[in-house]
$ cat structure20.cif   # mmCIF, C-alpha atoms
data_coords
#
loop_
_atom_site.group_PDB
_atom_site.id
_atom_site.type_symbol
_atom_site.label_atom_id
_atom_site.label_comp_id
_atom_site.auth_asym_id
_atom_site.auth_seq_id
_atom_site.Cartn_x
_atom_site.Cartn_y
_atom_site.Cartn_z
ATOM 1 C CA MET A 1 16.621 -2.336 -11.278
ATOM 2 C CA ILE A 2 13.465 -0.387 -12.003
ATOM 3 C CA GLY A 3 11.508 1.035 -9.086
ATOM 4 C CA SER A 4 8.004 -0.266 -8.601
ATOM 5 C CA ASP A 5 6.511 3.228 -8.514
ATOM 6 C CA ILE A 6 7.243 3.998 -12.110
ATOM 7 C CA ILE A 7 5.853 0.744 -13.445
ATOM 8 C CA ARG A 8 2.845 0.473 -11.170
ATOM 9 C CA GLY A 9 0.289 1.879 -13.582
ATOM 10 C CA HIS A 10 1.226 -0.695 -16.199
ATOM 11 C CA LEU A 11 1.299 -3.808 -14.051
ATOM 12 C CA GLU A 12 -2.260 -4.689 -14.996
ATOM 13 C CA SER A 13 -1.368 -4.699 -18.673
ATOM 14 C CA VAL A 14 1.801 -6.698 -18.062
ATOM 15 C CA ILE A 15 -0.008 -9.416 -16.160
ATOM 16 C CA LEU A 16 -2.886 -9.538 -18.652
ATOM 17 C CA LYS A 17 -0.407 -9.905 -21.476
ATOM 18 C CA LEU A 18 1.386 -12.799 -19.807
ATOM 19 C CA ILE A 19 -1.887 -14.571 -19.084
ATOM 20 C CA ILE A 20 -3.097 -14.076 -22.643
ATOM 21 C CA GLU A 21 0.040 -15.798 -23.907
ATOM 22 C CA LYS A 22 -0.356 -18.740 -21.575
ATOM 23 C CA GLU A 23 -2.503 -19.638 -18.587
ATOM 24 C CA MET A 24 -0.282 -19.342 -15.547
ATOM 25 C CA TYR A 25 -0.320 -19.607 -11.792
ATOM 26 C CA GLY A 26 0.924 -16.910 -9.442
ATOM 27 C CA TYR A 27 4.541 -17.849 -8.942
ATOM 28 C CA GLU A 28 4.910 -18.666 -12.622
ATOM 29 C CA ILE A 29 3.876 -15.092 -13.450
ATOM 30 C CA SER A 30 6.438 -13.575 -11.118
ATOM 31 C CA ASN A 31 9.126 -15.945 -12.395
ATOM 32 C CA CYS A 32 8.266 -15.100 -15.949
ATOM 33 C CA ILE A 33 8.555 -11.362 -15.266
ATOM 34 C CA THR A 34 11.930 -11.796 -13.600
ATOM 35 C CA SER A 35 13.386 -13.985 -16.336
ATOM 36 C CA ARG A 36 12.053 -11.924 -19.236
ATOM 37 C CA THR A 37 13.414 -8.683 -17.881
ATOM 38 C CA LYS A 38 16.646 -10.446 -16.896
ATOM 39 C CA SER A 39 16.071 -9.356 -13.274
ATOM 40 C CA LYS A 40 15.903 -5.690 -14.218
ATOM 41 C CA PHE A 41 12.432 -5.712 -12.765
ATOM 42 C CA GLU A 42 11.288 -8.076 -10.055
ATOM 43 C CA ILE A 43 7.702 -7.904 -8.919
ATOM 44 C CA LYS A 44 7.057 -8.366 -5.228
ATOM 45 C CA GLU A 45 4.554 -11.102 -4.518
ATOM 46 C CA ALA A 46 2.534 -8.670 -2.422
ATOM 47 C CA THR A 47 2.141 -6.331 -5.378
ATOM 48 C CA LEU A 48 1.457 -9.153 -7.801
ATOM 49 C CA TYR A 49 -1.353 -10.666 -5.782
ATOM 50 C CA SER A 50 -3.020 -7.346 -5.162
ATOM 51 C CA VAL A 51 -3.085 -6.655 -8.897
ATOM 52 C CA VAL A 52 -4.321 -10.161 -9.621
ATOM 53 C CA ALA A 53 -7.052 -9.823 -6.992
ATOM 54 C CA ARG A 54 -8.152 -6.553 -8.560
ATOM 55 C CA LEU A 55 -8.190 -8.004 -12.059
ATOM 56 C CA GLN A 56 -10.326 -10.832 -10.768
ATOM 57 C CA LYS A 57 -12.719 -8.433 -9.110
ATOM 58 C CA LYS A 58 -13.083 -6.553 -12.383
ATOM 59 C CA GLU A 59 -13.701 -9.909 -14.094
ATOM 60 C CA LEU A 60 -10.833 -9.427 -16.487
ATOM 61 C CA ILE A 61 -9.390 -12.800 -15.473
ATOM 62 C CA THR A 62 -10.809 -15.917 -13.855
ATOM 63 C CA SER A 63 -9.077 -18.636 -11.937
ATOM 64 C CA TYR A 64 -9.399 -22.389 -11.784
ATOM 65 C CA ILE A 65 -7.567 -25.133 -9.940
ATOM 66 C CA GLY A 66 -5.453 -27.164 -12.319
ATOM 67 C CA GLU A 67 -2.990 -30.014 -12.119
ATOM 68 C CA LYS A 68 0.622 -29.267 -12.780
ATOM 69 C CA SER A 69 2.365 -31.547 -15.236
ATOM 70 C CA TYR A 70 4.153 -33.268 -12.367
ATOM 71 C CA GLY A 71 2.273 -33.449 -9.103
ATOM 72 C CA GLY A 72 0.747 -30.566 -7.153
ATOM 73 C CA LYS A 73 -2.355 -28.482 -7.720
ATOM 74 C CA ARG A 74 -2.070 -24.869 -8.777
ATOM 75 C CA ARG A 75 -4.524 -22.004 -9.100
ATOM 76 C CA TYR A 76 -4.242 -21.007 -12.726
ATOM 77 C CA TYR A 77 -5.448 -17.711 -14.127
ATOM 78 C CA ARG A 78 -7.239 -17.435 -17.444
ATOM 79 C CA ILE A 79 -8.134 -14.359 -19.446
ATOM 80 C CA THR A 80 -11.802 -13.475 -20.069
ATOM 81 C CA PRO A 81 -13.096 -11.857 -23.283
ATOM 82 C CA LEU A 82 -13.542 -8.651 -21.308
ATOM 83 C CA GLY A 83 -9.938 -8.900 -20.155
ATOM 84 C CA LYS A 84 -8.739 -9.319 -23.686
ATOM 85 C CA ALA A 85 -10.643 -6.242 -24.850
ATOM 86 C CA TYR A 86 -9.291 -4.293 -21.872
ATOM 87 C CA TYR A 87 -5.762 -5.378 -22.707
ATOM 88 C CA GLU A 88 -6.097 -4.283 -26.330
ATOM 89 C CA GLN A 89 -7.285 -0.890 -25.134
ATOM 90 C CA LYS A 90 -4.334 -0.622 -22.756
ATOM 91 C CA GLN A 91 -1.967 -1.711 -25.488
ATOM 92 C CA LEU A 92 -3.095 1.207 -27.657
ATOM 93 C CA GLU A 93 -2.671 3.553 -24.712
ATOM 94 C CA TRP A 94 0.844 2.244 -24.170
ATOM 95 C CA VAL A 95 1.871 2.845 -27.783
ATOM 96 C CA GLU A 96 0.565 6.377 -27.453
ATOM 97 C CA LEU A 97 2.338 6.959 -24.151
ATOM 98 C CA LYS A 98 5.575 5.551 -25.491
ATOM 99 C CA SER A 99 5.601 7.907 -28.433
ATOM 100 C CA VAL A 100 4.695 10.880 -26.257
ATOM 101 C CA LEU A 101 7.507 10.157 -23.792
ATOM 102 C CA GLU A 102 9.936 9.515 -26.594
ATOM 103 C CA THR A 103 9.154 12.875 -28.117
ATOM 104 C CA LEU A 104 9.518 14.622 -24.792
ATOM 105 C CA LEU A 105 12.459 12.879 -23.204
ATOM 106 C CA GLU A 106 14.672 11.690 -26.028
ATOM 107 C CA ASP A 107 18.004 13.465 -26.503
ATOM 108 C CA LYS A 108 18.038 15.148 -29.868
ATOM 109 C CA SER A 109 21.707 15.676 -30.541
ATOM 110 C CA MET B 1 2.881 -24.774 5.598
ATOM 111 C CA ARG B 2 1.337 -23.664 8.859
ATOM 112 C CA LYS B 3 4.077 -21.027 8.994
ATOM 113 C CA ILE B 4 3.034 -19.515 5.674
ATOM 114 C CA GLU B 5 -0.567 -19.350 6.800
ATOM 115 C CA ASN B 6 0.390 -17.602 10.026
ATOM 116 C CA PHE B 7 2.601 -15.192 8.158
ATOM 117 C CA VAL B 8 -0.198 -14.225 5.765
ATOM 118 C CA LYS B 9 -2.707 -13.910 8.595
ATOM 119 C CA HIS B 10 -0.342 -11.654 10.462
ATOM 120 C CA THR B 11 0.415 -9.529 7.395
ATOM 121 C CA PHE B 12 -3.241 -8.847 6.691
ATOM 122 C CA LYS B 13 -4.495 -8.617 10.251
ATOM 123 C CA ASP B 14 -5.751 -5.048 9.777
ATOM 124 C CA VAL B 15 -7.761 -5.718 6.640
ATOM 125 C CA PRO B 16 -11.526 -5.082 6.904
ATOM 126 C CA LYS B 17 -13.419 -8.259 7.724
ATOM 127 C CA GLU B 18 -15.473 -8.649 4.568
ATOM 128 C CA GLU B 19 -12.447 -9.187 2.306
ATOM 129 C CA LYS B 20 -10.101 -10.649 4.883
ATOM 130 C CA VAL B 21 -10.947 -14.343 4.691
ATOM 131 C CA GLU B 22 -10.889 -14.494 0.922
ATOM 132 C CA LEU B 23 -7.693 -12.479 0.684
ATOM 133 C CA ILE B 24 -5.838 -14.584 3.230
ATOM 134 C CA GLU B 25 -6.988 -17.776 1.563
ATOM 135 C CA SER B 26 -5.904 -16.824 -1.944
ATOM 136 C CA VAL B 27 -2.568 -15.320 -0.940
ATOM 137 C CA THR B 28 -1.780 -18.306 1.306
ATOM 138 C CA GLN B 29 -2.489 -20.677 -1.537
ATOM 139 C CA SER B 30 -0.300 -18.766 -3.954
ATOM 140 C CA LEU B 31 2.577 -18.681 -1.493
ATOM 141 C CA ILE B 32 2.274 -22.393 -0.786
ATOM 142 C CA GLU B 33 2.449 -22.992 -4.518
ATOM 143 C CA LYS B 34 5.662 -21.021 -4.559
ATOM 144 C CA VAL B 35 7.127 -22.997 -1.664
ATOM 145 C CA GLU B 36 6.243 -26.252 -3.422
ATOM 146 C CA ASP B 37 7.868 -25.065 -6.634
ATOM 147 C CA LEU B 38 11.033 -24.106 -4.809
ATOM 148 C CA MET B 39 11.108 -27.477 -3.070
ATOM 149 C CA GLU B 40 10.708 -29.272 -6.383
ATOM 150 C CA ASN B 41 13.815 -27.448 -7.494
ATOM 151 C CA GLY B 42 15.733 -28.934 -4.619
ATOM 152 C CA MET B 43 15.373 -26.476 -1.766
ATOM 153 C CA THR B 44 14.682 -27.681 1.754
ATOM 154 C CA GLU B 45 11.259 -26.799 3.134
ATOM 155 C CA GLN B 46 12.699 -24.440 5.720
ATOM 156 C CA LYS B 47 14.728 -22.538 3.136
ATOM 157 C CA ALA B 48 11.853 -22.355 0.698
ATOM 158 C CA ILE B 49 9.541 -20.923 3.346
ATOM 159 C CA ASP B 50 12.119 -18.352 4.420
ATOM 160 C CA LYS B 51 12.693 -17.257 0.848
ATOM 161 C CA THR B 52 8.977 -16.939 0.160
ATOM 162 C CA VAL B 53 8.346 -14.891 3.275
ATOM 163 C CA LEU B 54 11.337 -12.640 2.567
ATOM 164 C CA GLU B 55 10.356 -11.962 -1.008
ATOM 165 C CA PHE B 56 6.718 -11.304 -0.274
ATOM 166 C CA GLY B 57 7.109 -7.686 0.757
ATOM 167 C CA THR B 58 4.739 -5.928 3.119
ATOM 168 C CA ALA B 59 1.040 -5.230 3.395
ATOM 169 C CA GLU B 60 1.913 -1.707 2.301
ATOM 170 C CA ASP B 61 3.179 -3.012 -1.016
ATOM 171 C CA PHE B 62 -0.086 -4.813 -1.345
ATOM 172 C CA PHE B 63 -2.290 -1.805 -0.704
ATOM 173 C CA ASN B 64 -0.190 0.790 -2.463
ATOM 174 C CA THR B 65 -1.732 -0.284 -5.727
ATOM 175 C CA SER B 66 -5.343 -0.154 -4.649
ATOM 176 C CA LYS B 67 -6.091 1.782 -1.485
ATOM 177 C CA LYS B 68 -4.418 5.104 -2.071
ATOM 178 C CA SER B 69 -7.497 7.282 -2.302
ATOM 179 C CA SER B 70 -9.105 6.151 0.928
ATOM 180 C CA LYS B 71 -5.863 6.824 2.785
ATOM 181 C CA LYS B 72 -5.887 10.401 1.564
ATOM 182 C CA ASP B 73 -9.413 11.007 2.863
ATOM 183 C CA LYS B 74 -8.370 9.853 6.277
ATOM 184 C CA ARG B 75 -5.399 12.197 6.333
ATOM 185 C CA LYS B 76 -7.451 15.247 5.474
ATOM 186 C CA LYS B 77 -9.791 14.445 8.306
ATOM 187 C CA THR B 78 -6.982 14.345 10.841
ATOM 188 C CA LEU B 79 -5.656 17.696 9.658
ATOM 189 C CA ALA B 80 -9.071 19.291 10.249
ATOM 190 C CA HIS B 81 -9.125 17.616 13.647
ATOM 191 C CA TYR B 82 -5.796 19.172 14.493
ATOM 192 C CA LYS B 83 -7.172 22.604 13.644
ATOM 193 C CA ASN B 84 -10.135 21.980 15.925
ATOM 194 C CA ASP B 85 -7.747 20.892 18.658
ATOM 195 C CA LEU B 86 -5.834 24.129 18.278
ATOM 196 C CA LEU B 87 -8.997 26.230 18.477
ATOM 197 C CA PHE B 88 -10.103 24.333 21.562
ATOM 198 C CA SER B 89 -6.751 24.735 23.286
ATOM 199 C CA VAL B 90 -6.590 28.479 22.536
ATOM 200 C CA ILE B 91 -10.085 29.142 23.888
ATOM 201 C CA GLY B 92 -9.462 26.862 26.864
ATOM 202 C CA SER B 93 -6.247 28.569 27.862
ATOM 203 C CA ILE B 94 -7.777 32.048 27.440
ATOM 204 C CA ILE B 95 -10.570 31.106 29.840
ATOM 205 C CA ILE B 96 -8.152 29.680 32.411
ATOM 206 C CA ILE B 97 -5.836 32.678 32.206
ATOM 207 C CA ALA B 98 -8.801 35.058 32.536
ATOM 208 C CA ILE B 99 -9.880 33.264 35.705
ATOM 209 C CA LEU B 100 -6.310 33.511 37.028
ATOM 210 C CA VAL B 101 -6.153 37.233 36.303
ATOM 211 C CA TYR B 102 -9.502 37.797 37.969
ATOM 212 C CA THR B 103 -8.527 35.797 41.058
ATOM 213 C CA ASN B 104 -5.203 37.575 41.199
ATOM 214 C CA LEU B 105 -6.668 41.082 41.027
ATOM 215 C CA TYR B 106 -9.597 40.303 43.306
ATOM 216 C CA PHE B 107 -7.763 38.669 46.206
ATOM 217 C CA LEU B 108 -4.117 39.754 46.056
ATOM 218 C CA GLU B 109 -3.928 42.880 43.972
ATOM 219 C CA ASN B 110 -0.381 43.707 45.131
ATOM 220 C CA THR B 111 1.487 40.623 43.879
ATOM 221 C CA ILE B 112 1.296 39.794 40.188
ATOM 222 C CA TRP B 113 1.517 35.983 40.434
ATOM 223 C CA PHE B 114 -0.828 34.960 37.588
ATOM 224 C CA VAL B 115 1.979 35.249 35.013
ATOM 225 C CA ILE B 116 3.724 32.156 36.355
ATOM 226 C CA PRO B 117 0.887 29.628 35.929
ATOM 227 C CA SER B 118 -0.123 31.370 32.677
ATOM 228 C CA ILE B 119 3.236 30.532 31.130
ATOM 229 C CA GLY B 120 2.650 26.927 32.030
ATOM 230 C CA ILE B 121 -0.808 26.932 30.526
ATOM 231 C CA LEU B 122 0.460 28.540 27.299
ATOM 232 C CA TRP B 123 2.356 25.312 26.584
ATOM 233 C CA TRP B 124 -0.936 23.683 25.848
ATOM 234 C CA PRO B 125 -1.838 25.658 22.680
ATOM 235 C CA LEU B 126 1.853 25.805 21.744
ATOM 236 C CA THR B 127 2.123 22.026 21.712
ATOM 237 C CA ILE B 128 -1.024 21.704 19.622
ATOM 238 C CA LEU B 129 0.272 24.319 17.196
ATOM 239 C CA TYR B 130 3.527 22.398 16.919
ATOM 240 C CA ASN B 131 1.619 19.211 16.152
ATOM 241 C CA LEU B 132 -0.472 20.963 13.529
ATOM 242 C CA LEU B 133 2.571 22.411 11.763
ATOM 243 C CA ASN B 134 4.293 19.018 11.795
ATOM 244 C CA LYS B 135 1.213 17.414 10.334
ATOM 245 C CA LYS B 136 1.055 20.001 7.575
ATOM 246 C CA GLU B 137 4.706 19.521 6.743
ATOM 247 C CA SER B 138 4.422 15.761 6.456
ATOM 248 C CA ARG B 139 1.338 16.159 4.290
ATOM 249 C CA LYS B 140 3.281 18.406 1.925
ATOM 250 C CA GLU B 141 6.007 15.785 1.654
ATOM 251 C CA ASP B 142 3.476 13.067 0.919
ATOM 252 C CA ASP B 143 1.912 15.117 -1.835
ATOM 253 C CA ASN B 144 5.280 15.807 -3.410
ATOM 254 C CA GLU B 145 6.055 12.123 -3.716
#

$ encode --input "structure20.cif" --output "structure tokens"
Amino acid sequence: MIGSDIIRGHLESVILKLIIEKEMYGYEISNCITSRTKSKFEIKEATLYSVVARLQKKELITSYIGEKSYGGKRRYYRITPLGKAYYEQKQLEWVELKSVLETLLEDKS
Amino acid sequence: MRKIENFVKHTFKDVPKEEKVELIESVTQSLIEKVEDLMENGMTEQKAIDKTVLEFGTAEDFFNTSKKSSKKDKRKKTLAHYKNDLLFSVIGSIIIIAILVYTNLYFLENTIWFVIPSIGILWWPLTILYNLLNKKESRKEDDNE
């Protein structure tokens, strides 16, 4: 189980990425994160919604009310062009960071 | 669903007014969506609500990602306040003790009684100093995190 502190700075990218793949509503996002990481990381709803609210404020995503395939209404989130550009930037940063950390932390035996 | 709404309202009761309404509305809606999803998967309403509330976390989780800087400003201010408090208490106790010494020497020069109340008064700056040191220590810990 990964602590939320260490992943915090990347949550924006994670959520943007998931929304780029498919328009989702809140609980779907958190479910998706849990199932993809096989419960190694579970996002707290409180954290998720604060990140989502911030992304919305920065106009990186927008929301609309949509019908679910069976029944109920859900607030779906959709990526904006700005959000996509932001994500691509973050993606580059991540590749960089990954290689830096690998160089520094990897065991060279 | 009333329960969810109350829970969210309670969680964010200290949020500044301008964002409060919007925040409560959007979070409530998202949580209700979750409850509905859980119920579609066969949970009873009561269980679904409990699970949602339990898994939500706290308002601290919510603000940890966005409000860190403003919290820090506030803390620095209190530390400066504590220093002012200390200064005030030191000057205050010096004045009181001086008056005691004067009264003592002027009216009853043979018995040295001013020491006794002075010891009592000294607890004032000592307590403030203790508070200040504690505050500093906890600030150090916070910064190390």

$ interface_residues --input "structure20.cif" --of "chain A" --to "chain B" --cutoff "10 Å" --atoms "all atoms listed in the file" --output "PyMOL selection string"
chain A and resi 4-5+8-9+11+25-28+30-31+42-51+53-54+70-76

$ residues_around --input "structure20.cif" --residues "B:Lys3" --least-positions-apart "4" --cutoff "10 Å" --atoms "all atoms listed in the file" --output "list of chain:residue names"
B:Phe7, B:Val8, B:Lys9, B:Gln46, B:Ile49, B:Asp50, B:Val53

$ atom_distance --input "structure20.cif" --atom1 "atom CA of A:Ile61" --atom2 "atom CA of A:Thr80"
5.2 Å

$ atom_distance --input "structure20.cif" --atom1 "atom CA of A:Arg36" --atom2 "atom CA of A:Val14"
11.6 Å

$ atom_distance --input "structure20.cif" --atom1 "atom CA of A:Ile79" --atom2 "atom CA of A:Phe41"
23.3 Å

$ residues_near_point --input "structure20.cif" --point "(-0.9, 17.9, 12.4)" --cutoff "10 Å" --atoms "only C-alpha atoms" --output "ChimeraX atom specification"
/B:75-76,78-83,85-86,128-139

$ resolve_selection --input "structure20.cif" --expression "the PyMOL selection byres ((chain A and resi 13) around 12)" --output "VMD selection string"
chain A and resid 7 to 12 14 to 20 51 to 52 55 60 to 61 79 83 to 94

$ resolve_selection --input "structure20.cif" --expression "the PyMOL selection byres ((chain B and resi 93-107) around 12)" --output "list in words"
Leu86, Leu87, Phe88, Ser89, Val90, Ile91, Gly92, Leu108, Glu109, Asn110, Thr111, Ile112, Trp113, Phe114, Val115, Ile116, Pro117, Ser118, Ile119, Gly120, Ile121, Leu122, Trp123, Trp124, Pro125, Leu126 and Ile128 of chain B

$ axis_aligned_box --input "structure20.cif" --around "stretch 101-116 of chain B" --padding-each-side "6 Å" --output "AutoDock Vina command-line options"
--center_x -2.9 --center_y 37.9 --center_z 40.6 --size_x 25.3 --size_y 23.6 --size_z 23.2
